[in-house]
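Just model_30.txt here, compact mmCIF, C-alpha atoms:
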# COMPACT_ATOMS: atom_id res chain seq x y z
CA MET A 37 -55.12 86.65 206.39
CA ILE A 38 -58.88 86.00 206.31
CA ASP A 39 -59.21 88.05 203.13
CA PHE A 40 -56.41 85.99 201.56
CA LEU A 41 -58.11 82.71 202.47
CA LEU A 42 -61.52 83.92 201.25
CA ASP A 43 -60.20 85.12 197.91
CA GLY A 44 -61.36 82.59 195.29
CA ALA A 45 -58.31 83.31 193.11
CA HIS A 46 -56.12 81.60 195.69
CA TRP A 47 -58.12 78.36 195.48
CA THR A 48 -57.76 77.66 191.75
CA GLY A 49 -54.95 76.83 189.35
CA PRO A 50 -51.63 75.04 189.78
CA GLU A 51 -50.54 77.52 192.45
CA GLY A 52 -53.83 77.41 194.33
CA ILE A 53 -54.21 76.20 197.89
CA PRO A 54 -55.76 72.80 196.93
CA ALA A 55 -52.84 72.03 194.59
CA LEU A 56 -50.30 73.07 197.22
CA LEU A 57 -52.12 71.00 199.83
CA LEU A 58 -52.04 67.94 197.57
CA GLN A 59 -48.31 68.35 197.02
CA HIS A 60 -47.79 68.69 200.77
CA LEU A 61 -49.72 65.48 201.35
CA VAL A 62 -47.68 63.64 198.72
CA TYR A 63 -44.42 64.66 200.42
CA THR A 64 -45.84 63.64 203.80
CA PHE A 65 -47.05 60.18 202.78
CA LEU A 66 -43.93 59.35 200.76
CA ALA A 67 -41.64 60.31 203.64
CA LEU A 68 -43.79 58.50 206.22
CA PHE A 69 -43.93 55.32 204.15
CA ALA A 70 -40.17 55.28 203.61
CA ALA A 71 -39.44 56.02 207.29
CA ALA A 72 -41.82 53.31 208.50
CA LEU A 73 -40.33 50.83 206.03
CA ILE A 74 -36.93 51.39 207.62
CA ALA A 75 -37.74 52.05 211.28
CA VAL A 76 -40.50 49.56 212.06
CA PRO A 77 -38.65 46.33 211.08
CA LEU A 78 -35.47 47.61 212.74
CA GLY A 79 -37.34 48.53 215.92
CA LEU A 80 -39.12 45.17 216.00
CA TYR A 81 -35.86 43.27 215.58
CA ILE A 82 -33.99 45.23 218.24
CA GLY A 83 -36.91 45.12 220.66
CA HIS A 84 -37.53 41.40 220.19
CA THR A 85 -33.91 40.27 220.33
CA GLY A 86 -32.51 42.93 222.66
CA ARG A 87 -29.55 43.40 220.35
CA GLY A 88 -28.43 46.84 219.27
CA ALA A 89 -30.26 48.87 221.90
CA VAL A 90 -27.31 51.26 222.03
CA VAL A 91 -27.71 51.81 218.28
CA VAL A 92 -31.28 53.01 218.81
CA ALA A 93 -30.29 55.67 221.32
CA GLY A 94 -27.27 56.82 219.35
CA LEU A 95 -29.02 56.87 216.00
CA ALA A 96 -32.08 58.67 217.34
CA ASN A 97 -30.05 61.36 219.06
CA SER A 98 -27.76 61.91 216.07
CA LEU A 99 -30.62 62.20 213.57
CA ARG A 100 -32.51 64.63 215.78
CA ALA A 101 -29.43 66.84 216.00
CA LEU A 102 -29.11 67.24 212.22
CA PRO A 103 -29.76 70.80 210.96
CA THR A 104 -32.65 70.49 208.52
CA ILE A 105 -31.93 73.39 206.18
CA GLY A 106 -28.17 72.78 206.14
CA LEU A 107 -28.60 69.09 205.38
CA LEU A 108 -31.13 69.88 202.66
CA ILE A 109 -28.80 72.28 200.89
CA LEU A 110 -25.89 69.84 201.18
CA LEU A 111 -27.94 67.01 199.67
CA VAL A 112 -29.10 69.24 196.82
CA LEU A 113 -25.50 70.13 196.00
CA VAL A 114 -24.52 66.45 196.01
CA ILE A 115 -27.56 64.88 194.32
CA ALA A 116 -28.84 67.59 191.95
CA PRO A 117 -26.05 67.18 189.32
CA SER A 118 -27.16 63.57 188.75
CA PHE A 119 -30.73 64.50 187.72
CA SER A 120 -32.18 66.89 185.19
CA SER A 121 -35.78 66.85 186.44
CA LYS A 122 -37.50 67.86 189.66
CA LEU A 123 -36.12 64.68 191.21
CA ALA A 124 -32.94 66.71 191.79
CA TYR A 125 -34.87 68.59 194.49
CA LEU A 126 -37.53 66.05 195.45
CA ILE A 127 -35.10 63.30 196.49
CA PRO A 128 -33.08 65.53 198.88
CA SER A 129 -36.30 66.83 200.45
CA LEU A 130 -37.61 63.31 201.01
CA ILE A 131 -34.30 62.14 202.47
CA VAL A 132 -34.38 64.98 205.00
CA LEU A 133 -38.00 64.23 205.95
CA VAL A 134 -37.30 60.49 206.26
CA LEU A 135 -34.30 61.10 208.51
CA LEU A 136 -36.49 63.34 210.64
CA ALA A 137 -39.26 60.73 210.93
CA ILE A 138 -37.12 57.67 211.68
CA PRO A 139 -36.18 58.45 215.34
CA PRO A 140 -39.71 58.62 216.85
CA ILE A 141 -40.92 55.55 214.95
CA LEU A 142 -37.79 53.55 215.74
CA THR A 143 -37.58 54.43 219.44
CA ASN A 144 -41.29 53.93 220.09
CA THR A 145 -41.36 50.60 218.28
CA TYR A 146 -38.37 49.38 220.25
CA ALA A 147 -39.78 50.71 223.55
CA GLY A 148 -43.17 49.17 222.85
CA ILE A 149 -41.76 45.70 222.25
CA ARG A 150 -39.47 45.88 225.30
CA SER A 151 -42.35 47.00 227.54
CA VAL A 152 -44.47 43.92 226.86
CA ASP A 153 -45.16 41.93 230.04
CA PRO A 154 -42.58 39.10 230.18
CA ALA A 155 -45.25 36.84 231.70
CA ALA A 156 -47.29 37.10 228.49
CA VAL A 157 -44.24 36.20 226.41
CA ASP A 158 -43.38 33.27 228.68
CA ALA A 159 -46.97 32.03 228.52
CA ALA A 160 -46.93 32.13 224.72
CA ARG A 161 -43.59 30.34 224.64
CA GLY A 162 -44.98 27.70 227.01
CA MET A 163 -47.90 27.17 224.63
CA GLY A 164 -45.44 26.31 221.87
CA PHE A 165 -45.36 29.65 220.02
CA ARG A 166 -42.27 30.13 217.90
CA SER A 167 -40.27 33.36 217.99
CA MET A 168 -41.97 34.96 214.97
CA ARG A 169 -45.43 34.05 216.24
CA ILE A 170 -44.65 35.54 219.65
CA LEU A 171 -43.59 38.76 217.92
CA THR A 172 -46.63 39.04 215.65
CA GLU A 173 -49.36 37.70 217.94
CA VAL A 174 -48.20 38.78 221.42
CA GLU A 175 -45.61 41.54 221.37
CA MET A 176 -46.83 43.63 218.43
CA PRO A 177 -50.48 43.85 219.59
CA CYS A 178 -49.31 44.84 223.08
CA ALA A 179 -46.82 47.36 221.68
CA LEU A 180 -49.31 48.88 219.23
CA PRO A 181 -50.22 51.95 221.37
CA LEU A 182 -46.58 53.03 221.63
CA MET A 183 -45.91 52.23 217.98
CA LEU A 184 -48.82 54.39 216.84
CA SER A 185 -47.65 57.12 219.18
CA GLY A 186 -44.32 57.11 217.36
CA VAL A 187 -46.07 57.31 213.99
CA ARG A 188 -48.18 60.17 215.34
CA SER A 189 -45.09 62.11 216.40
CA ALA A 190 -43.36 61.40 213.08
CA VAL A 191 -46.35 62.61 211.05
CA LEU A 192 -46.54 65.88 212.97
CA GLN A 193 -42.83 66.50 212.41
CA ILE A 194 -43.07 65.68 208.70
CA VAL A 195 -46.11 67.91 208.14
CA SER A 196 -44.50 70.86 209.87
CA THR A 197 -41.08 70.38 208.29
CA ALA A 198 -42.25 69.60 204.74
CA THR A 199 -42.48 73.35 204.24
CA VAL A 200 -38.70 73.32 203.64
CA ALA A 201 -39.38 71.74 200.23
CA ALA A 202 -40.47 75.18 199.05
CA TYR A 203 -37.05 76.50 200.03
CA ILE A 204 -35.56 74.64 197.06
CA SER A 205 -38.29 75.56 194.56
CA LEU A 206 -40.69 72.67 195.21
CA GLY A 207 -44.39 72.97 196.05
CA GLY A 208 -46.43 72.35 199.15
CA LEU A 209 -47.92 74.74 201.66
CA GLY A 210 -44.42 76.04 202.31
CA ARG A 211 -44.81 78.02 199.07
CA LEU A 212 -47.16 80.37 200.90
CA LEU A 213 -44.50 80.99 203.54
CA ILE A 214 -41.54 81.39 201.19
CA ASP A 215 -43.37 83.45 198.57
CA GLY A 216 -45.06 85.53 201.24
CA LYS A 217 -41.73 86.35 202.83
CA ALA A 218 -40.18 87.23 199.45
CA GLN A 219 -43.09 89.57 198.66
CA SER A 220 -43.45 90.90 202.23
CA ASP A 221 -47.00 89.58 202.10
CA TYR A 222 -47.58 88.76 205.75
CA ALA A 223 -51.21 87.80 205.17
CA GLN A 224 -50.04 85.05 202.82
CA MET A 225 -47.43 83.90 205.34
CA ALA A 226 -49.99 83.80 208.14
CA ALA A 227 -52.42 81.86 205.93
CA GLY A 228 -49.72 79.31 205.14
CA ALA A 229 -48.86 78.88 208.81
CA VAL A 230 -52.52 78.41 209.74
CA LEU A 231 -53.07 75.84 206.97
CA VAL A 232 -50.01 73.83 208.03
CA SER A 233 -51.20 73.91 211.64
CA LEU A 234 -54.70 72.77 210.67
CA LEU A 235 -53.26 69.95 208.56
CA ALA A 236 -51.09 68.77 211.45
CA LEU A 237 -54.09 68.94 213.79
CA ALA A 238 -56.21 66.91 211.34
CA PHE A 239 -53.52 64.20 211.16
CA ASP A 240 -53.20 64.17 214.94
CA LEU A 241 -56.95 63.68 215.41
CA ALA A 242 -57.10 61.02 212.67
CA ILE A 243 -54.28 58.95 214.17
CA GLY A 244 -55.79 59.37 217.63
CA PHE A 245 -59.12 58.03 216.34
CA LEU A 246 -57.32 55.17 214.57
CA THR A 247 -55.51 54.29 217.80
CA VAL A 248 -58.80 54.05 219.67
CA ARG A 249 -60.27 51.80 216.99
CA VAL A 250 -57.40 49.34 216.45
CA VAL A 251 -55.87 49.00 219.92
CA SER A 252 -57.36 46.29 222.10
CA PRO A 253 -59.67 47.64 224.84
CA GLY A 254 -57.65 45.67 227.36
CA LEU A 255 -54.66 47.97 226.71
CA THR A 256 -56.62 51.19 227.13
CA ARG A 257 -59.04 52.72 229.57
CA ARG A 258 -61.93 51.56 227.43
CA VAL A 259 -61.92 48.29 229.34
CA ARG A 260 -62.91 50.23 232.45
CA SER A 261 -65.76 52.00 230.70
CA VAL A 262 -67.00 48.71 229.25
CA ALA A 263 -66.89 47.09 232.67
CA THR A 264 -68.68 50.09 234.19
CA LYS A 265 -71.42 49.96 231.58
CA ARG A 266 -71.89 46.23 232.09
CA SER A 267 -71.97 46.67 235.85
CA GLY A 268 -74.48 49.47 235.53
CA SER A 269 -76.72 47.44 233.24
CA ASP A 270 -76.56 44.47 235.63
CA ASP A 271 -77.53 46.69 238.56
CA THR A 272 -80.41 48.12 236.56
CA ALA A 273 -81.61 44.64 235.67
CA VAL A 274 -81.46 43.55 239.29
CA ALA A 275 -83.34 46.65 240.41
CA ALA A 276 -85.99 46.18 237.74
CA ARG A 277 -86.47 42.49 238.49
CA PRO A 278 -89.88 41.98 240.18
CA THR A 279 -89.68 40.62 243.70
CA SER A 280 -91.72 37.60 244.54
CA ALA A 281 -94.63 38.05 246.94
CA PRO A 282 -93.98 36.73 250.47
CA GLU A 283 -95.43 33.37 251.19
CA PRO A 284 -98.41 33.46 253.55
CA SER A 285 -97.64 32.50 257.11
CA LEU A 286 -99.07 29.25 258.40
CA ILE A 287 -99.47 30.67 261.86
Starting from the coordinates I provided, produce the structure as structure tokens.
Amino acid sequence: MIDFLLDGAHWTGPEGIPALLLQHLVYTFLALFAAALIAVPLGLYIGHTGRGAVVVAGLANSLRALPTIGLLILLVLVIAPSFSSKLAYLIPSLIVLVLLAIPPILTNTYAGIRSVDPAAVDAARGMGFRSMRILTEVEMPCALPLMLSGVRSAVLQIVSTATVAAYISLGGLGRLLIDGKAQSDYAQMAAGAVLVSLLALAFDLAIGFLTVRVVSPGLTRRVRSVATKRSGSDDTAVAARPTSAPEPSLI
């Protein structure tokens, strides 16, 4: 596997690792964008209004139970005759990835909105906030950690499952797995598995860093560390403050 990864011939050309990685990223971002476009507004609406909660549970469970390869082949058989280009295979692959990514984003968005402290919502309503302003300025900021957690889970599933695109003659890092299996080249298969794992790990770390940066410190443990630092600096200042000399006694 190491020899395969260190071979310069595998890092150039249209079938090289950089080209396959770029294709994998394209599939990932397209599927994530489409899934978020569907799941986030739906999760916000259901969480804010409380209507359709049963739909969330039923839809999430049904989509998670779908067989990925079987659904992909079925969609190719149905959609492919309508296209003469690579769209005949790209569209079914994206549909499968989108259906896979919708449940975690939808359920976490809904759960995040429903978990907002009712006292904060009542306070905003008492201040004259309208429904949309309560959603955007109170509920969404408070629900952001759970929402990003859903995106994080969806990204990991998309990255790992996007390899199925190679099963229907598309690109991506799945090519290393499919071609390696066809050629009994286990070094190539192991290299593909390692690259997919590293890509998933990189996305996980990136979203984790983004969560730390965009979520309010009051919703995370950072508020404790900030308070500790301030307390420590105050104690240091008090300790370093010079004490006044005692006044001389008149007796």
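Near range 242-244 of chain A, within 9 Å and counting all atoms listed in the file, sit Leu184, Ser185, Val187 and Arg188 of chain A; same-chain residues fewer than 6 positions away were not included.
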Given the selection you just returned, output its residues as a file containing C-alpha atoms, formatted as an mmCIF file, in the coordinates of the input.
data_model
loop_
_atom_site.group_PDB
_atom_site.id
_atom_site.type_symbol
_atom_site.label_atom_id
_atom_site.label_comp_id
_atom_site.auth_asym_id
_atom_site.auth_seq_id
_atom_site.Cartn_x
_atom_site.Cartn_y
_atom_site.Cartn_z
ATOM 1 C CA LEU A 184 -48.820 54.390 216.840
ATOM 2 C CA SER A 185 -47.650 57.120 219.180
ATOM 3 C CA VAL A 187 -46.070 57.310 213.990
ATOM 4 C CA ARG A 188 -48.180 60.170 215.340
#
Would you list the contacts of range 152-168 of chain A as a PyMOL selection string, taking every protein, DNA or RNA residue within 12 Å and counting only C-alpha atoms, but skipping same-chain residues closer than 3 positions in sequence? chain A and resi 80-81+83-85+145-149+171-182+255
So how many Å separate CA of Arg100 in chain A and CA of Gly79 in chain A, to one decimal? 16.8 Å
Surrounding residues of Ser205 in chain A excluding itself and chain neighbours under 4 positions, 9 Å, only C-alpha atoms, as an mmCIF file with C-alpha atoms, in the coordinates of the input:
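Generated file (part-v1.cif):
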data_model
loop_
_atom_site.group_PDB
_atom_site.id
_atom_site.type_symbol
_atom_site.label_atom_id
_atom_site.label_comp_id
_atom_site.auth_asym_id
_atom_site.auth_seq_id
_atom_site.Cartn_x
_atom_site.Cartn_y
_atom_site.Cartn_z
ATOM 1 C CA TYR A 125 -34.870 68.590 194.490
ATOM 2 C CA ALA A 201 -39.380 71.740 200.230
ATOM 3 C CA ARG A 211 -44.810 78.020 199.070
#
Selection: 6 Å around range 230-236 of chain A, all atoms listed in the file, excl. self and same-chain fewer than 3 positions, as an NGL selection string: :A and (192 or 227 or 239)
With only C-alpha atoms as the counted atoms, please give the residues lying no more than 10 Å from Asp39 in chain A, apart from itself and same-chain residues fewer than 4 positions off, as number ranges by chain. A: 43-44, 223-224, 227
Separation of CA of Ser189 in chain A and CA of Asn144 in chain A, in Å?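 Going from CA of Ser189 in chain A over to CA of Asn144 in chain A covers 9.7 Å.
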